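A.B. asks: Sharing a structure, written as structure tokens. Questions coming.
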Amino acid sequence: MDSPKTLKMSWEEFHALPVEEKGKCFFHRGKLYHTIFAQQFDREQLEGLSELATRIRQIAKSRAGMDFLQGLLSHKRAMLYFQQPSTRTFLSFYAACQILGLKAAEVRNTQTSSEVKGETPEDSVRTFSSFFDVIIMRHPEAGFAEKIAWLLSNTERPVPVINAGSGKDQHPTQALLDVYTLIRSFEERDGIDGKTIVFCGDLKRGRTVRSLALLLTNFNDVRMYFVAPEELQIEADITEALERKGVKYDKVYSLSEVVAEADAIYMTRLQDEWDVAGESRKLDLGKYNFLPEYLQRMKPTSVIMHPLPRRNEIPVEVDKDPRAVYWRQVRNGMWVRVALLATTFRLDELIFQHYEYHNR
Amino acid sequence: MDSPKTLKMSWEEFHALPVEEKGKCFFHRGKLYHTIFAQQFDREQLEGLSELATRIRQIAKSRAGMDFLQGLLSHKRAMLYFQQPSTRTFLSFYAACQILGLKAAEVRNTQTSSEVKGETPEDSVRTFSSFFDVIIMRHPEAGFAEKIAWLLSNTERPVPVINAGSGKDQHPTQALLDVYTLIRSFEERDGIDGKTIVFCGDLKRGRTVRSLALLLTNFNDVRMYFVAPEELQIEADITEALERKGVKYDKVYSLSEVVAEADAIYMTRLQDEWDVAGESRKLDLGKYNFLPEYLQRMKPTSVIMHPLPRRNEIPVEVDKDPRAVYWRQVRNGMWVRVALLATTFRLDELIFQHYEYHNR
Amino acid sequence: MDSPKTLKMSWEEFHALPVEEKGKCFFHRGKLYHTIFAQQFDREQLEGLSELATRIRQIAKSRAGMDFLQGLLSHKRAMLYFQQPSTRTFLSFYAACQILGLKAAEVRNTQTSSEVKGETPEDSVRTFSSFFDVIIMRHPEAGFAEKIAWLLSNTERPVPVINAGSGKDQHPTQALLDVYTLIRSFEERDGIDGKTIVFCGDLKRGRTVRSLALLLTNFNDVRMYFVAPEELQIEADITEALERKGVKYDKVYSLSEVVAEADAIYMTRLQDEWDVAGESRKLDLGKYNFLPEYLQRMKPTSVIMHPLPRRNEIPVEVDKDPRAVYWRQVRNGMWVRVALLATTFRLDELIFQHYEYHNR
């Protein structure tokens, strides 16, 4: 598999490109190669990935289907390079690899080894990547996945890089699974266009909300409510981007106000691990929790989402309501990652054909 | 695979059931679903698992047999969730999964991740379980495996739970492998019925002895000797259970006394990790070690067992005696776990048929 | 697979054997069984492994070839027992296992578990090995791999042991990959015979250089230069071994002097982790770094090697020169380990035949 020619420039040159230009560099001859940030995907690509995820899920229901899927990448090897703890994302990718027969190896906390001996992080990843056909990586440093994508594209043996979270900002596969969950939830209601999406909780520091809000600008007439105390409200960079695209949004200061209007309520937890001095613990968040009584006021077709882990913002008793889709969202994460891996290895067409032939 | 309907009650209701009633809840339509504690198995089930383990061992001897076994669960994925260190049990299960082609992923010490973010242990396990078809779990908290079995049985996507050790009390697969080792050892001597089993060492705190003694009440006329200093003797809950079943037993204060009479000597190490203030280190344990000279006095058909790890209670020079079966016991652990997994996925009949057709 | 009969002696007896005699013990009926130290291989074996590695690399280029390779050991299980951190070697072996379909399980840092309970390291490894068909091990204690090879050869269920690094001295697969890289580099130049090899850097404490220098005595008329400050020069045990074999060598005190003459320049980093009091940090190593300007003075057919990790002894800009083969060397490490595993399981002939039939 050739890597994108467009990455054959110096790191400084590449790094200075505007986001839209960079995004294009991660594709090769119109096909996805590196997955680095959410905004590199347009509507067509998002819908394509979602459709593929659904087809794969259906194929996987039979033993014969699982055998087909597991044969697709049984000759390939993936490295899961996780320099930040993340059991959830890790296992989701790991299971996704297993579904495609892609043999996985993991690298965690390499500080103990070569980096102690004075190796640069770039040399370490290049070494580890030498044995594998795709790198799925999570790293505390913002922009590191991008750097590795550039680096590996410029070696004799390029391999695709999938960003499983880097720094505070980018976690593209979480955004993909959120979009996929919305698409599935509105499957029989004309899709995401025209829907009202409520985001509630810590909107300032939750990267999932930030990415998802941006991705939803790919759809038509989506209305957004941002429900959070002033201290945790969505930041100007996002609202400005929404304004540029003509998206209607409002900041709201109580979840109760918008519960009845919502087509989807996207709950998030307080990200107090980013607190400087425990400031957010002083906030009264009562108005930003999902109360069981809201279930009566919500539309029967509406859904409640949450990227998990949760604290007390959704009580466990809500789980039983069929509109609570956050556990399904977890599974969707696995399926969309299968779809992403399959697309990276250009198996999307083959899978669609298999489905047409066997499942229809 | 449906999960047991009988678990569809509240946690409080379930938790309050007597052990015998709970045990039945782990089966579904007469078939094993969850494996939570040793006492859930009756004699027929113990003998069935043992026979299956032996058949699998025989099938695995040929390449064609291994190919058959590895195809059985190649479309399924297992999560090994080990919140307590246990390389021995972990590897034994891991190898058992590999033998059946069951793709395994491991989760260890998740404190570092989501639980730090305030997630409940129940939510964590439910998340992790979302990607897998069976959960094999070890946890420091007594009763946690039971809780998870109940929890997952009450979700949209139930999966079986196998307890690989929880708290101080339950480690059912160790008990299964001990019974299997006894069955194999007495294969040509009419089985376990009527045999004399000597338990020696730290009988107070060794959960293997406690479980095994209870399981052996499923067999007829088993005579037991408990050899330990008073401070480490078998506790009343066990002896009362034996008395209720009419099992003959004696407490003995020197291994030497009963060596000649034993059909099996089950040695255990001092479990001083449970000491409060190093109290057990003061005990003189000389009379509770297996001395090489005992080999002369033992019956030629008797066996020496040990759950391992050992310290000095059996010297290495004893290993060469054919009656020292503790290394074989380790391998038996793997085979019985293969049998347990196969049974959990209802492959037992298929394996017996394969054996009948190909190996007889 | 029988294990070598020659190991059936006491540990004291075995341990006291001269290196040449020990080396022979690791073979069984002329076939490789244990891989413990570099010197156990003669020229024919080194060339055989190298040829096999190249054939495997070629077979692996097609999907059909990968399917063939992955079927070879799909019925076997490997344990990677790494008691010392080493992501590089670990992943290389892990990928090698995956290429052959050999199912791998890893054990790292078992101090947390059984050894805490008082188990001897020998009992631990024997337990772990019970579930697997080959042990690939790295251990901080010199001679431990050798001890385990002896131990397992003397049990009822012997399995081969591959030393992935033990103590300061032995790391045989690194030596094999270095020889393989040299053989490949000189493929069209009559091989290693008659070549001039320059070793540069910390030659006193780098076990790779020590092992490689010894292995190269298997070839004819190799000339060696050892380029290092006096404090880090190659030690007398190596130079005496070279003298016994009649190998011409010189100690040199500036890399610049020998750059033009070299057929291969083997760079190494300062191993200051072995410093007693930071003594090597005071050394002026400027004359022992590879300067970009040397590229002009090097022969067009010469190669630059490095076992990695590197620090500043080779600047990143050198990587683009086609004579810089250290990244290829990393990949060679994987292929030669595939070849070694295949040979250990006696699949070498089958692979050669497959190649003859399908690829020629």
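Identifiers in the structure tokens: chain A, B, ... in order shown; residue index from 1 per chain; ligand index from 1 in order shown.
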Taking only C-alpha atoms into account, what are the residues of chain C at most 8 Å from chain B, put as a PDB file with N, CA and C atoms, in the first residue's frame?
C.D. replies:
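Output contents, as saved in out-v8.pdb:
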ATOM      1  N   HIS C  75      -0.964 -24.641  15.621  1.00  0.00           N
ATOM      2  CA  HIS C  75      -1.373 -25.571  16.683  1.00  0.00           C
ATOM      3  C   HIS C  75      -0.439 -25.505  17.902  1.00  0.00           C
ATOM      4  N   ARG C  77       1.861 -23.098  20.938  1.00  0.00           N
ATOM      5  CA  ARG C  77       1.794 -21.899  21.774  1.00  0.00           C
ATOM      6  C   ARG C  77       3.178 -21.535  22.319  1.00  0.00           C
ATOM      7  N   LYS C 103       0.753 -19.117  18.574  1.00  0.00           N
ATOM      8  CA  LYS C 103      -0.003 -18.286  19.503  1.00  0.00           C
ATOM      9  C   LYS C 103       0.879 -17.914  20.688  1.00  0.00           C
ATOM     10  N   ALA C 105       1.786 -15.936  24.386  1.00  0.00           N
ATOM     11  CA  ALA C 105       1.317 -15.344  25.632  1.00  0.00           C
ATOM     12  C   ALA C 105       2.535 -14.741  26.297  1.00  0.00           C
ATOM     13  N   VAL C 107       4.576 -13.105  29.740  1.00  0.00           N
ATOM     14  CA  VAL C 107       4.703 -13.003  31.191  1.00  0.00           C
ATOM     15  C   VAL C 107       5.769 -11.966  31.452  1.00  0.00           C
ATOM     16  N   THR C 110       7.029 -10.991  37.000  1.00  0.00           N
ATOM     17  CA  THR C 110       6.234 -11.856  37.854  1.00  0.00           C
ATOM     18  C   THR C 110       6.543 -11.688  39.331  1.00  0.00           C
ATOM     19  N   THR C 112       5.526  -9.665  41.193  1.00  0.00           N
ATOM     20  CA  THR C 112       4.296  -9.280  41.864  1.00  0.00           C
ATOM     21  C   THR C 112       3.485 -10.479  42.333  1.00  0.00           C
ATOM     22  N   SER C 113       3.714 -11.628  41.752  1.00  0.00           N
ATOM     23  CA  SER C 113       2.826 -12.750  41.992  1.00  0.00           C
ATOM     24  C   SER C 113       3.474 -13.888  42.774  1.00  0.00           C
ATOM     25  N   SER C 114       3.716 -14.992  42.104  1.00  0.00           N
ATOM     26  CA  SER C 114       4.129 -16.203  42.819  1.00  0.00           C
ATOM     27  C   SER C 114       5.437 -16.045  43.562  1.00  0.00           C
ATOM     28  N   LYS C 117       5.135 -15.137  46.896  1.00  0.00           N
ATOM     29  CA  LYS C 117       4.661 -16.200  47.777  1.00  0.00           C
ATOM     30  C   LYS C 117       5.759 -17.213  48.109  1.00  0.00           C
ATOM     31  N   GLY C 118       6.983 -16.938  47.660  1.00  0.00           N
ATOM     32  CA  GLY C 118       8.103 -17.757  48.071  1.00  0.00           C
ATOM     33  C   GLY C 118       8.504 -18.843  47.094  1.00  0.00           C
ATOM     34  N   GLU C 119       7.989 -18.769  45.862  1.00  0.00           N
ATOM     35  CA  GLU C 119       8.322 -19.780  44.868  1.00  0.00           C
ATOM     36  C   GLU C 119       9.727 -19.515  44.307  1.00  0.00           C
ATOM     37  N   THR C 120      10.457 -20.564  43.985  1.00  0.00           N
ATOM     38  CA  THR C 120      11.747 -20.359  43.332  1.00  0.00           C
ATOM     39  C   THR C 120      11.507 -19.962  41.882  1.00  0.00           C
ATOM     40  N   ASP C 123      10.789 -23.036  39.735  1.00  0.00           N
ATOM     41  CA  ASP C 123       9.411 -23.534  39.810  1.00  0.00           C
ATOM     42  C   ASP C 123       8.474 -22.638  39.007  1.00  0.00           C
ATOM     43  N   SER C 124       8.663 -21.320  39.097  1.00  0.00           N
ATOM     44  CA  SER C 124       7.805 -20.399  38.346  1.00  0.00           C
ATOM     45  C   SER C 124       7.881 -20.686  36.859  1.00  0.00           C
ATOM     46  N   THR C 127       6.254 -23.917  35.916  1.00  0.00           N
ATOM     47  CA  THR C 127       4.798 -23.805  35.920  1.00  0.00           C
ATOM     48  C   THR C 127       4.322 -23.146  34.632  1.00  0.00           C
ATOM     49  N   PHE C 128       4.886 -21.980  34.351  1.00  0.00           N
ATOM     50  CA  PHE C 128       4.447 -21.235  33.179  1.00  0.00           C
ATOM     51  C   PHE C 128       4.656 -22.080  31.923  1.00  0.00           C
ATOM     52  N   SER C 130       4.444 -25.077  31.526  1.00  0.00           N
ATOM     53  CA  SER C 130       3.552 -26.229  31.423  1.00  0.00           C
ATOM     54  C   SER C 130       2.479 -26.048  30.361  1.00  0.00           C
ATOM     55  N   PHE C 131       2.154 -24.795  30.081  1.00  0.00           N
ATOM     56  CA  PHE C 131       1.053 -24.530  29.167  1.00  0.00           C
ATOM     57  C   PHE C 131       1.522 -24.256  27.743  1.00  0.00           C
ATOM     58  N   PHE C 132       2.823 -24.252  27.492  1.00  0.00           N
ATOM     59  CA  PHE C 132       3.343 -23.758  26.211  1.00  0.00           C
ATOM     60  C   PHE C 132       4.315 -24.739  25.561  1.00  0.00           C
TER      61      PHE C 132
END
A.B. asks: Once DSSP has gone over the backbone, tell me which residues of stretch 42-150 of chain B are in strand (DSSP E), as an NGL selection string.
C.D. replies: :B and (77-82 or 103-108 or 134-139)
A.B. asks: Can you tell me, as a VMD selection string, which residues in stretch 150-294 of chain B count as alpha helix (DSSP H) by DSSP?
C.D. replies: chain B and resid 150 to 153 172 to 185 207 to 215 236 to 244 255 to 258 294
A.B. asks: Output the selection as a short mmCIF file (atom, residue, chain, number, x, y, z; two decimals), in the first residue's frame - C-alpha atoms for each residue.
C.D. replies:
data_model
loop_
_atom_site.label_atom_id
_atom_site.label_comp_id
_atom_site.auth_asym_id
_atom_site.auth_seq_id
_atom_site.Cartn_x
_atom_site.Cartn_y
_atom_site.Cartn_z
CA TRP B 150 -26.21 -11.19 38.05
CA LEU B 151 -25.63 -7.77 36.44
CA LEU B 152 -24.75 -9.06 32.98
CA SER B 153 -27.64 -11.54 33.03
CA PRO B 172 -13.85 -22.88 41.56
CA THR B 173 -11.55 -23.84 38.69
CA GLN B 174 -8.81 -24.76 41.16
CA ALA B 175 -11.30 -27.09 42.84
CA LEU B 176 -12.28 -28.53 39.44
CA LEU B 177 -8.68 -29.26 38.53
CA ASP B 178 -8.07 -30.88 41.89
CA VAL B 179 -11.07 -33.17 41.45
CA TYR B 180 -9.96 -33.91 37.89
CA THR B 181 -6.48 -34.82 39.11
CA LEU B 182 -7.95 -37.18 41.71
CA ILE B 183 -10.27 -38.76 39.14
CA ARG B 184 -7.38 -39.30 36.73
CA SER B 185 -5.12 -40.61 39.48
CA ARG B 207 -9.20 -21.82 49.92
CA THR B 208 -8.21 -24.77 47.71
CA VAL B 209 -8.47 -27.24 50.58
CA ARG B 210 -11.74 -25.80 51.80
CA SER B 211 -13.36 -26.03 48.34
CA LEU B 212 -11.95 -29.45 47.56
CA ALA B 213 -13.10 -30.94 50.87
CA LEU B 214 -16.63 -29.73 50.16
CA LEU B 215 -16.60 -31.03 46.57
CA ALA B 236 -15.70 -25.49 61.90
CA ASP B 237 -17.78 -24.43 58.88
CA ILE B 238 -16.09 -27.15 56.85
CA THR B 239 -16.14 -29.88 59.48
CA GLU B 240 -19.81 -29.18 60.18
CA ALA B 241 -20.60 -29.51 56.49
CA LEU B 242 -18.71 -32.82 56.45
CA GLU B 243 -20.61 -34.04 59.49
CA ARG B 244 -23.95 -33.15 57.92
CA LEU B 255 1.97 -35.94 58.59
CA SER B 256 4.07 -38.97 59.41
CA GLU B 257 1.14 -40.67 61.15
CA VAL B 258 -1.08 -40.91 58.08
CA TYR B 294 7.90 -40.80 53.39
#
A.B. asks: Give me, as a PyMOL selection string, all polymer residues having an atom no more than 10 Å from B:Pro300, counting only C-alpha atoms and skipping those fewer than 3 positions away in the same chain.
C.D. replies: chain B and resi 260+263+295-297+303+322-323
A.B. asks: Output C-alpha atoms for every residue in the selection just made, as a PDB file, in the first residue's frame.
C.D. replies:
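See result-v7.pdb below for the written result:
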ATOM      1  CA  ALA B 260       1.032 -44.968  54.931  1.00  0.00           C
ATOM      2  CA  ASP B 263      -4.442 -42.570  48.753  1.00  0.00           C
ATOM      3  CA  LEU B 295       8.197 -42.034  49.800  1.00  0.00           C
ATOM      4  CA  GLN B 296       9.165 -45.453  51.177  1.00  0.00           C
ATOM      5  CA  ARG B 297       6.152 -45.612  53.429  1.00  0.00           C
ATOM      6  CA  VAL B 303      -0.320 -39.596  44.824  1.00  0.00           C
ATOM      7  CA  PRO B 322       6.132 -40.910  39.728  1.00  0.00           C
ATOM      8  CA  ARG B 323       3.616 -40.442  42.560  1.00  0.00           C
TER       9      ARG B 323
END
A.B. asks: Can you pull out the residues contacting B:Phe27? Cut-off 12 Å, using only C-alpha atoms, and skip same-chain residues under 5 positions away; I want them as a list in words.
C.D. replies: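 Once the adjacent positions are removed, what remains is Asp2, Ser3, Pro4, Lys5, Thr6, Leu7, Glu21, Lys22, Leu32, Tyr33, His34, Thr35, Ile36, Gln40, Phe41, Gln45, Ala149, Ser153, Pro160, Val161, Thr343, Thr344 and Arg346 of chain B.
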A.B. asks: So that I have them on file, write out the residues from the current selection with C-alpha atoms, as a CSV table (one decimal), in the first residue's frame.
C.D. replies:
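Written file, part_6.csv:
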chain,number,residue,atom,x,y,z
B,2,ASP,CA,-29.8,-16.9,26.4
B,3,SER,CA,-28.8,-16.3,30.0
B,4,PRO,CA,-30.5,-18.0,32.9
B,5,LYS,CA,-34.0,-16.6,33.4
B,6,THR,CA,-33.7,-17.4,37.1
B,7,LEU,CA,-31.3,-14.5,37.5
B,21,GLU,CA,-30.4,-22.1,45.2
B,22,LYS,CA,-27.9,-19.6,43.9
B,32,LEU,CA,-23.9,-24.5,32.6
B,33,TYR,CA,-23.8,-20.8,32.0
B,34,HIS,CA,-21.9,-18.9,34.8
B,35,THR,CA,-19.2,-20.6,36.9
B,36,ILE,CA,-19.1,-18.8,40.2
B,40,GLN,CA,-22.6,-25.4,42.1
B,41,PHE,CA,-21.3,-28.6,40.5
B,45,GLN,CA,-21.2,-32.5,36.3
B,149,ALA,CA,-22.9,-12.6,36.7
B,153,SER,CA,-27.6,-11.5,33.0
B,160,PRO,CA,-21.3,-15.9,30.8
B,161,VAL,CA,-18.9,-15.1,33.7
B,343,THR,CA,-19.1,-26.6,28.2
B,344,THR,CA,-20.0,-23.0,28.7
B,346,ARG,CA,-22.3,-25.9,24.8
A.B. asks: Which residues, written as a PyMOL selection string, have at least one atom at most 8 Å from stretch 138-148 of chain C, with only C-alpha atoms counted and residues fewer than 4 positions away on the same chain left out?
C.D. replies: chain C and resi 11+36+81-84+122+125+152+161-170
A.B. asks: With C-alpha atoms kept, could you save the residues just selected as a short mmCIF file (atom, residue, chain, number, x, y, z; two decimals), in the first residue's frame?
C.D. replies:
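Written output follows (again-v1.cif):
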data_model
loop_
_atom_site.label_atom_id
_atom_site.label_comp_id
_atom_site.auth_asym_id
_atom_site.auth_seq_id
_atom_site.Cartn_x
_atom_site.Cartn_y
_atom_site.Cartn_z
CA TRP C 11 23.23 -29.21 36.64
CA ILE C 36 21.17 -20.17 24.39
CA TYR C 81 8.82 -14.66 29.51
CA PHE C 82 10.45 -11.23 29.79
CA GLN C 83 11.75 -10.38 33.23
CA GLN C 84 13.67 -7.39 31.87
CA GLU C 122 12.82 -22.38 38.55
CA VAL C 125 9.21 -20.95 34.89
CA LEU C 152 13.12 -28.36 31.20
CA VAL C 161 14.15 -22.47 25.26
CA ILE C 162 15.21 -19.42 23.24
CA ASN C 163 17.38 -16.88 25.00
CA ALA C 164 16.20 -13.36 24.20
CA GLY C 165 18.93 -11.81 26.32
CA SER C 166 20.29 -12.88 29.66
CA GLY C 167 22.55 -10.84 31.86
CA LYS C 168 25.17 -8.59 30.34
CA ASP C 169 26.59 -11.21 28.11
CA GLN C 170 24.33 -13.23 25.89
#
A.B. asks: Please determine, counting only C-alpha atoms, which residue among A:Ala78, A:Val336, A:Leu100, A:Met298 has the shortest atom-to-atom distance to A:Val134.
C.D. replies: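 For A:Val134, the nearest of the given residues is A:Ala78.
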A.B. asks: If we count only C-alpha atoms, what is near B:Tyr288 at a cut-off of 12 Å, once residues fewer than 6 positions away on the same chain are taken out, given as a VMD selection string?
C.D. replies: chain B and resid 198 to 203 226 to 230 232 to 233 252 to 259 265 to 270 294 312 to 314
A.B. asks: Can I get the selection written as an mmCIF file, in the first residue's frame, with C-alpha atoms?
C.D. replies:
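Dumped everything to again.cif:
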data_model
loop_
_atom_site.group_PDB
_atom_site.id
_atom_site.type_symbol
_atom_site.label_atom_id
_atom_site.label_comp_id
_atom_site.auth_asym_id
_atom_site.auth_seq_id
_atom_site.Cartn_x
_atom_site.Cartn_y
_atom_site.Cartn_z
ATOM 1 C CA VAL B 198 -4.909 -36.353 53.530
ATOM 2 C CA PHE B 199 -4.856 -32.558 53.561
ATOM 3 C CA CYS B 200 -1.717 -31.062 55.073
ATOM 4 C CA GLY B 201 -0.484 -27.547 55.803
ATOM 5 C CA ASP B 202 -2.337 -24.292 56.229
ATOM 6 C CA LEU B 203 -5.886 -25.635 56.167
ATOM 7 C CA PHE B 226 -6.626 -32.807 58.201
ATOM 8 C CA VAL B 227 -2.989 -32.488 59.187
ATOM 9 C CA ALA B 228 -2.057 -29.089 60.592
ATOM 10 C CA PRO B 229 -1.005 -27.395 63.792
ATOM 11 C CA GLU B 230 -4.005 -26.335 65.844
ATOM 12 C CA LEU B 232 -3.945 -23.591 61.111
ATOM 13 C CA GLN B 233 -6.489 -26.403 61.395
ATOM 14 C CA VAL B 252 -4.089 -35.086 62.939
ATOM 15 C CA TYR B 253 -0.975 -33.326 64.188
ATOM 16 C CA SER B 254 1.821 -35.000 62.246
ATOM 17 C CA LEU B 255 1.968 -35.945 58.586
ATOM 18 C CA SER B 256 4.074 -38.973 59.407
ATOM 19 C CA GLU B 257 1.144 -40.668 61.145
ATOM 20 C CA VAL B 258 -1.083 -40.908 58.082
ATOM 21 C CA VAL B 259 1.395 -41.203 55.199
ATOM 22 C CA ILE B 265 -1.688 -36.405 50.114
ATOM 23 C CA TYR B 266 -2.674 -32.857 49.324
ATOM 24 C CA MET B 267 0.116 -30.546 50.510
ATOM 25 C CA THR B 268 -0.301 -26.774 50.864
ATOM 26 C CA ARG B 269 2.002 -23.940 51.759
ATOM 27 C CA LEU B 270 1.821 -21.576 54.705
ATOM 28 C CA TYR B 294 7.904 -40.801 53.388
ATOM 29 C CA ASN B 312 9.912 -25.986 51.391
ATOM 30 C CA GLU B 313 6.945 -28.226 52.234
ATOM 31 C CA ILE B 314 7.958 -30.559 49.405
#
A.B. asks: From the set B:Arg189, B:Arg108, B:His358, B:Lys31, which residue has the shortest atom-to-atom contact distance to B:Thr301, counting only C-alpha atoms?
C.D. replies: B:Arg189
